[in-house]
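What follows is the content of run-v4.cif, which has mmCIF, C-alpha atoms and all ligand atoms:
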data_work
loop_
_atom_site.label_atom_id
_atom_site.label_comp_id
_atom_site.auth_asym_id
_atom_site.auth_seq_id
_atom_site.Cartn_x
_atom_site.Cartn_y
_atom_site.Cartn_z
CA MET I 1 -37.46 -94.21 -39.19
CA THR I 2 -40.78 -95.84 -40.07
CA GLY I 3 -42.08 -99.22 -38.93
CA GLU I 4 -41.12 -98.60 -35.30
CA LEU I 5 -42.51 -101.29 -32.96
CA PHE I 6 -43.02 -98.71 -30.25
CA PRO I 7 -43.22 -95.00 -31.04
CA ARG I 8 -40.37 -93.02 -29.59
CA GLU I 9 -41.70 -90.75 -26.93
CA ARG I 10 -40.73 -87.49 -25.36
CA ALA I 11 -38.39 -88.16 -22.45
CA GLU I 12 -36.81 -86.16 -19.65
CA ILE I 13 -33.25 -87.49 -19.64
CA ALA I 14 -32.23 -85.44 -16.58
CA PRO I 15 -34.02 -82.59 -14.79
CA GLY I 16 -34.05 -79.78 -17.40
CA ALA I 17 -32.94 -82.02 -20.30
CA VAL I 18 -35.71 -83.02 -22.69
CA HIS I 19 -35.62 -85.23 -25.79
CA LEU I 20 -38.42 -84.69 -28.32
CA PRO I 21 -38.16 -87.29 -31.10
CA ASP I 22 -39.22 -86.32 -34.63
CA TRP I 23 -39.82 -82.67 -33.76
CA ILE I 24 -38.67 -81.42 -37.17
CA GLY I 25 -40.68 -82.78 -40.09
CA PRO I 26 -39.05 -84.03 -43.31
CA ARG I 27 -39.71 -80.81 -45.21
CA ARG I 28 -38.14 -78.59 -42.58
CA GLN I 29 -35.19 -80.99 -42.27
CA GLY I 30 -34.58 -80.47 -46.00
CA GLU I 31 -34.75 -76.69 -45.56
CA LEU I 32 -32.33 -76.79 -42.62
CA LEU I 33 -29.92 -78.99 -44.58
CA ALA I 34 -29.99 -76.57 -47.53
CA ALA I 35 -29.28 -73.68 -45.14
CA CYS I 36 -26.38 -75.59 -43.53
CA ARG I 37 -24.86 -76.16 -46.98
CA GLU I 38 -24.95 -72.40 -47.61
CA TRP I 39 -23.47 -71.58 -44.21
CA ALA I 40 -20.68 -74.12 -44.80
CA ARG I 41 -19.36 -72.15 -47.77
CA PRO I 42 -16.55 -69.63 -47.32
CA PRO I 43 -15.98 -66.99 -46.13
CA ALA I 44 -16.15 -68.03 -42.48
CA GLY I 45 -17.37 -71.45 -43.65
CA LEU I 46 -16.91 -74.99 -42.38
CA ARG I 47 -13.56 -75.44 -40.66
CA THR I 48 -11.52 -77.92 -38.67
CA VAL I 49 -11.22 -76.96 -35.01
CA HIS I 50 -7.93 -77.39 -33.16
CA THR I 51 -7.83 -77.45 -29.38
CA PRO I 52 -5.11 -75.65 -27.38
CA GLY I 53 -3.76 -79.00 -26.17
CA GLY I 54 -2.83 -79.94 -29.75
CA GLY I 55 -5.93 -82.02 -30.48
CA THR I 56 -8.17 -81.84 -33.52
CA MET I 57 -11.95 -82.08 -33.31
CA THR I 58 -13.21 -84.72 -35.71
CA ALA I 59 -16.51 -82.92 -36.26
CA ARG I 60 -16.05 -79.92 -38.54
CA GLN I 61 -17.88 -76.72 -37.65
CA VAL I 62 -19.37 -73.47 -38.86
CA CYS I 63 -20.81 -70.76 -36.59
CA LEU I 64 -23.49 -68.09 -36.95
CA GLY I 65 -23.97 -64.91 -34.92
CA LEU I 66 -20.75 -65.28 -32.96
CA HIS I 67 -17.77 -67.48 -33.79
CA TRP I 68 -16.97 -70.12 -31.19
CA TYR I 69 -13.36 -71.24 -30.81
CA PRO I 70 -11.68 -73.17 -27.99
CA TYR I 71 -12.53 -71.52 -25.65
CA GLY I 72 -14.37 -68.28 -26.32
CA TYR I 73 -16.46 -66.30 -28.80
CA ALA I 74 -15.32 -63.80 -31.43
CA ARG I 75 -16.91 -61.72 -34.20
CA THR I 76 -14.61 -63.19 -36.84
CA ALA I 77 -13.41 -66.70 -37.68
CA VAL I 78 -10.27 -66.18 -35.59
CA ASP I 79 -9.19 -69.82 -35.98
CA GLY I 80 -10.34 -70.02 -39.61
CA ASP I 81 -10.03 -67.58 -42.51
CA GLY I 82 -10.50 -64.53 -40.27
CA ALA I 83 -13.67 -63.40 -42.06
CA PRO I 84 -16.64 -61.92 -40.15
CA VAL I 85 -18.97 -64.61 -38.83
CA LYS I 86 -22.22 -65.04 -40.77
CA PRO I 87 -25.30 -63.48 -39.12
CA MET I 88 -27.78 -65.46 -37.06
CA PRO I 89 -30.99 -65.59 -39.12
CA GLY I 90 -34.16 -64.38 -37.39
CA TRP I 91 -36.03 -67.51 -38.46
CA LEU I 92 -33.47 -69.72 -36.71
CA ALA I 93 -33.72 -67.68 -33.51
CA ALA I 94 -37.52 -68.06 -33.72
CA LEU I 95 -37.13 -71.83 -34.14
CA GLY I 96 -35.11 -71.84 -30.91
CA ARG I 97 -37.94 -70.12 -29.10
CA GLU I 98 -40.42 -72.61 -30.53
CA ALA I 99 -38.21 -75.45 -29.32
CA VAL I 100 -38.08 -74.12 -25.75
CA LEU I 101 -41.85 -73.81 -25.65
CA ALA I 102 -42.22 -77.36 -26.99
CA ALA I 103 -39.72 -78.75 -24.48
CA TYR I 104 -40.85 -77.04 -21.29
CA GLY I 105 -44.34 -75.69 -22.02
CA THR I 106 -43.16 -72.23 -20.94
CA PRO I 107 -41.73 -69.58 -23.26
CA LEU I 108 -38.21 -68.23 -23.15
CA PRO I 109 -38.30 -64.80 -21.44
CA PRO I 110 -38.67 -62.08 -24.12
CA ALA I 111 -35.38 -60.47 -23.05
CA GLU I 112 -33.47 -63.60 -24.11
CA GLU I 113 -32.72 -64.09 -27.81
CA TYR I 114 -30.99 -66.98 -29.59
CA ASP I 115 -28.06 -65.14 -31.14
CA ILE I 116 -25.53 -67.94 -31.73
CA ALA I 117 -25.66 -71.19 -33.70
CA LEU I 118 -22.93 -73.83 -33.92
CA VAL I 119 -23.31 -76.28 -36.78
CA ASN I 120 -21.24 -79.45 -36.43
CA PHE I 121 -20.76 -81.87 -39.30
CA TYR I 122 -19.93 -85.47 -38.38
CA ALA I 123 -18.60 -87.81 -41.03
CA GLY I 124 -19.10 -91.52 -40.30
CA ASP I 125 -16.23 -91.83 -37.83
CA SER I 126 -16.49 -88.41 -36.15
CA ARG I 127 -17.16 -88.06 -32.46
CA MET I 128 -17.32 -85.36 -29.84
CA GLY I 129 -15.75 -85.79 -26.42
CA MET I 130 -17.53 -85.01 -23.16
CA HIS I 131 -17.63 -81.25 -22.58
CA ARG I 132 -19.83 -78.47 -21.24
CA ASP I 133 -21.17 -75.56 -23.27
CA ALA I 134 -19.62 -72.99 -20.97
CA GLU I 135 -18.57 -69.96 -23.03
CA GLU I 136 -22.05 -68.39 -22.92
CA ARG I 137 -22.90 -66.00 -20.12
CA SER I 138 -26.66 -66.55 -20.34
CA GLY I 139 -28.24 -69.50 -18.56
CA ALA I 140 -30.86 -69.91 -21.32
CA PRO I 141 -31.36 -73.47 -22.55
CA VAL I 142 -29.26 -74.90 -25.37
CA VAL I 143 -31.44 -76.12 -28.25
CA SER I 144 -30.02 -79.01 -30.28
CA LEU I 145 -31.39 -80.07 -33.69
CA SER I 146 -30.12 -83.20 -35.44
CA LEU I 147 -30.12 -84.05 -39.16
CA GLY I 148 -28.92 -87.05 -41.14
CA ASP I 149 -27.32 -90.10 -39.53
CA SER I 150 -28.38 -91.10 -36.04
CA CYS I 151 -25.89 -90.88 -33.22
CA LEU I 152 -25.39 -91.94 -29.67
CA PHE I 153 -25.64 -88.80 -27.55
CA ARG I 154 -24.27 -89.06 -24.02
CA PHE I 155 -25.81 -86.75 -21.45
CA GLY I 156 -24.08 -86.67 -18.10
CA ASN I 157 -23.90 -84.66 -14.92
CA THR I 158 -22.59 -81.23 -13.97
CA VAL I 159 -19.67 -82.52 -11.88
CA SER I 160 -17.52 -84.80 -14.02
CA ARG I 161 -17.17 -86.32 -17.49
CA GLY I 162 -17.93 -89.73 -16.03
CA ARG I 163 -20.98 -91.49 -14.63
CA PRO I 164 -23.80 -91.01 -14.05
CA PHE I 165 -24.74 -90.40 -17.67
CA ARG I 166 -27.44 -91.56 -20.03
CA ASP I 167 -27.04 -92.51 -23.68
CA VAL I 168 -29.81 -91.40 -26.01
CA GLU I 169 -30.11 -92.15 -29.71
CA LEU I 170 -30.62 -88.87 -31.58
CA ARG I 171 -32.09 -89.31 -35.05
CA SER I 172 -32.72 -86.97 -37.94
CA GLY I 173 -35.42 -84.50 -36.90
CA ASP I 174 -34.94 -84.97 -33.15
CA LEU I 175 -34.88 -82.04 -30.75
CA PHE I 176 -32.91 -82.06 -27.50
CA VAL I 177 -33.08 -79.11 -25.11
CA PHE I 178 -30.96 -78.72 -22.00
CA GLY I 179 -31.51 -75.87 -19.60
CA GLY I 180 -32.07 -75.13 -15.92
CA PRO I 181 -30.16 -77.62 -13.75
CA ALA I 182 -28.94 -79.43 -16.91
CA ARG I 183 -27.54 -76.36 -18.67
CA ARG I 184 -23.93 -76.95 -17.61
CA ALA I 185 -24.01 -80.74 -17.75
CA PHE I 186 -21.25 -82.62 -19.56
CA HIS I 187 -22.34 -84.17 -22.85
CA GLY I 188 -20.81 -85.66 -25.97
CA VAL I 189 -21.27 -87.82 -29.04
CA PRO I 190 -19.44 -91.15 -28.59
CA LYS I 191 -20.63 -92.57 -31.90
CA VAL I 192 -22.36 -91.78 -35.19
CA LEU I 193 -24.33 -94.63 -36.76
CA PRO I 194 -23.41 -94.51 -40.46
CA GLY I 195 -26.07 -95.21 -43.07
CA THR I 196 -29.01 -94.36 -40.79
CA ALA I 197 -30.02 -91.02 -42.34
CA PRO I 198 -33.49 -90.84 -43.91
CA PRO I 199 -32.99 -91.83 -47.57
CA GLY I 200 -35.02 -88.87 -48.81
CA LEU I 201 -32.90 -86.24 -47.05
CA GLY I 202 -29.78 -86.58 -49.20
CA LEU I 203 -27.18 -86.33 -46.44
CA THR I 204 -24.35 -88.75 -45.78
CA GLY I 205 -23.14 -88.14 -42.22
CA ARG I 206 -24.71 -86.14 -39.42
CA LEU I 207 -25.36 -82.47 -38.82
CA ASN I 208 -26.13 -80.99 -35.44
CA ILE I 209 -27.19 -77.41 -34.90
CA THR I 210 -27.04 -75.98 -31.37
CA LEU I 211 -28.72 -72.66 -30.69
CA ARG I 212 -27.44 -70.64 -27.77
CA VAL I 213 -28.06 -67.33 -26.05
CA GLY I 214 -24.70 -65.67 -25.59
CA GLY I 215 -25.55 -62.94 -23.11
CA LEU I 216 -22.24 -61.48 -24.19
CA GLY I 217 -23.40 -57.95 -25.01
CA SER I 218 -23.43 -56.38 -28.45
O1 LIG Y 301 -23.69 -83.04 -31.95
C1 LIG Y 301 -24.32 -82.98 -30.91
O2 LIG Y 301 -25.38 -83.59 -30.75
C2 LIG Y 301 -23.79 -82.16 -29.75
C3 LIG Y 301 -23.01 -80.96 -30.18
C4 LIG Y 301 -22.45 -80.21 -29.03
O3 LIG Y 301 -22.45 -80.68 -27.93
C5 LIG Y 301 -21.91 -78.86 -29.20
O4 LIG Y 301 -21.92 -78.34 -30.34
O5 LIG Y 301 -21.46 -78.26 -28.22
FE FE Y 302 -22.01 -79.14 -26.48
#
Could you render the structure as structure tokens?
Ligand SMILES: O=C(O)CCC(=O)C(=O)O
Ligand SMILES: [Fe+2]
Amino acid sequence: MTGELFPRERAEIAPGAVHLPDWIGPRRQGELLAACREWARPPAGLRTVHTPGGGTMTARQVCLGLHWYPYGYARTAVDGDGAPVKPMPGWLAALGREAVLAAYGTPLPPAEEYDIALVNFYAGDSRMGMHRDAEERSGAPVVSLSLGDSCLFRFGNTVSRGRPFRDVELRSGDLFVFGGPARRAFHGVPKVLPGTAPPGLGLTGRLNITLRVGGLGS
């Protein structure tokens, strides 16, 4: 957003959890959005996720590299059309590396490679409950990229879904990285703020891309 009274600044939300506002420029946001639209198409495209308890996630999702389902990873869209998951593009893995360097000032060890992406699409009233990203075996940081509408992102602790937590507004182009002591912290999206996407982007709703290192073997 332009015309900010105070510029939004880089902030450490918890030890190991870093928010870098406006990390992705408008041009790259447009490129990422175009890529998300391609990934969303079948086969193994955007799907509704059902939880074992009988719940339905309100954010719809598409995966790259490995297919996440509640609660594991597979090579095919086991809870979708059963098609092989789309590959993780090398340029997206490289963007993950760039993000880690920007967040911490130290590079991801060369042996680690971002090999999984989860793309979540939030319509105006979608949310995501407090959870941990726990199906990966690697402890490498999770890289989160946001596009479109702003949201309230809740970043908590490693013990429970409750307090202490901090609420951060994530806007289009923001980067959030959580690793080290924050890697297994509970987090969620209590609210999307409809109508807040940059007008030039051409997206109604919110997209979030998380990049992960599976460490799950090949
Ligand atoms: O949408 C977000 O900002 C968070 C997404 C998330 O936590 C996840 O995909 O596991
Ligand atoms: Fe998550």
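Nearest to ligand FE 302 (chain Y) of all the residues I:His131, I:Arg161, I:His67, I:Lys191 is I:His131, based on all atoms listed in the file.
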Figure out the distance between CA of Met128 in chain I and CA of Pro181 in chain I, please, to one decimal in Å.
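Result for CA of Pro181 in chain I versus CA of Met128 in chain I: 22.0 Å, one decimal.
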As a quick test: using all atoms listed in the file, which residues lie no more than 9 Å away from ligand LIG 301 (chain Y)? Give them as number ranges by chain.
I: 59, 61, 117-122, 127-133, 142, 144-146, 151-154, 170, 176, 186-189, 206-211
I need the residue nearest Gln29 in chain I from this list: I:Leu147, I:Leu175, I:Ala14, I:Val78. Use all atoms listed in the file for the distance.
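With all atoms listed in the file as the atom set, the closest residue is I:Leu147.
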Closest to Arg184 in chain I among I:Pro84, I:Pro15, I:Ala197, I:Leu46, using all atoms listed in the file?
I:Pro15
What is the distance between CA of Leu20 in chain I and CA of Gly96 in chain I, in Å to one decimal?
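Computing it gives 13.5 Å between the two atoms.
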Using all atoms listed in the file, which of the listed residues (I:Pro194, I:Gly200, I:Gly214, I:Pro164) sits closest to Glu113 in chain I?
I:Gly214
Nearby residues (all atoms listed in the file) at most 7 Å from range 56-58 of chain I, same-chain spacing under 5 positions excluded, as a PyMOL selection string:
chain I and resi 48-51+126-127
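Of the residues under consideration (I:Pro26, I:Gly65, I:Pro141, I:Pro43), I:Pro141 shows the shortest atom-to-atom contact distance to ligand FE 302 (chain Y) when counting all atoms listed in the file.
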Neighbouring residues of Gly45 in chain I were defined as those with any atom within 6 Å, considering all atoms listed in the file; residues of the same chain fewer than 4 positions away were excluded. Please report them as an MDAnalysis selection string.
chainID I and resid 40:41 62
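Among I:Ala185, I:Ile24, I:Leu64, I:Leu33, the residue with the shortest atom-to-atom distance to ligand FE 302 (chain Y), counting all atoms listed in the file, is I:Ala185.
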Figure out the distance between CA of Leu201 in chain I and CA of Tyr114 in chain I, please, to one decimal in Å.
26.1 Å
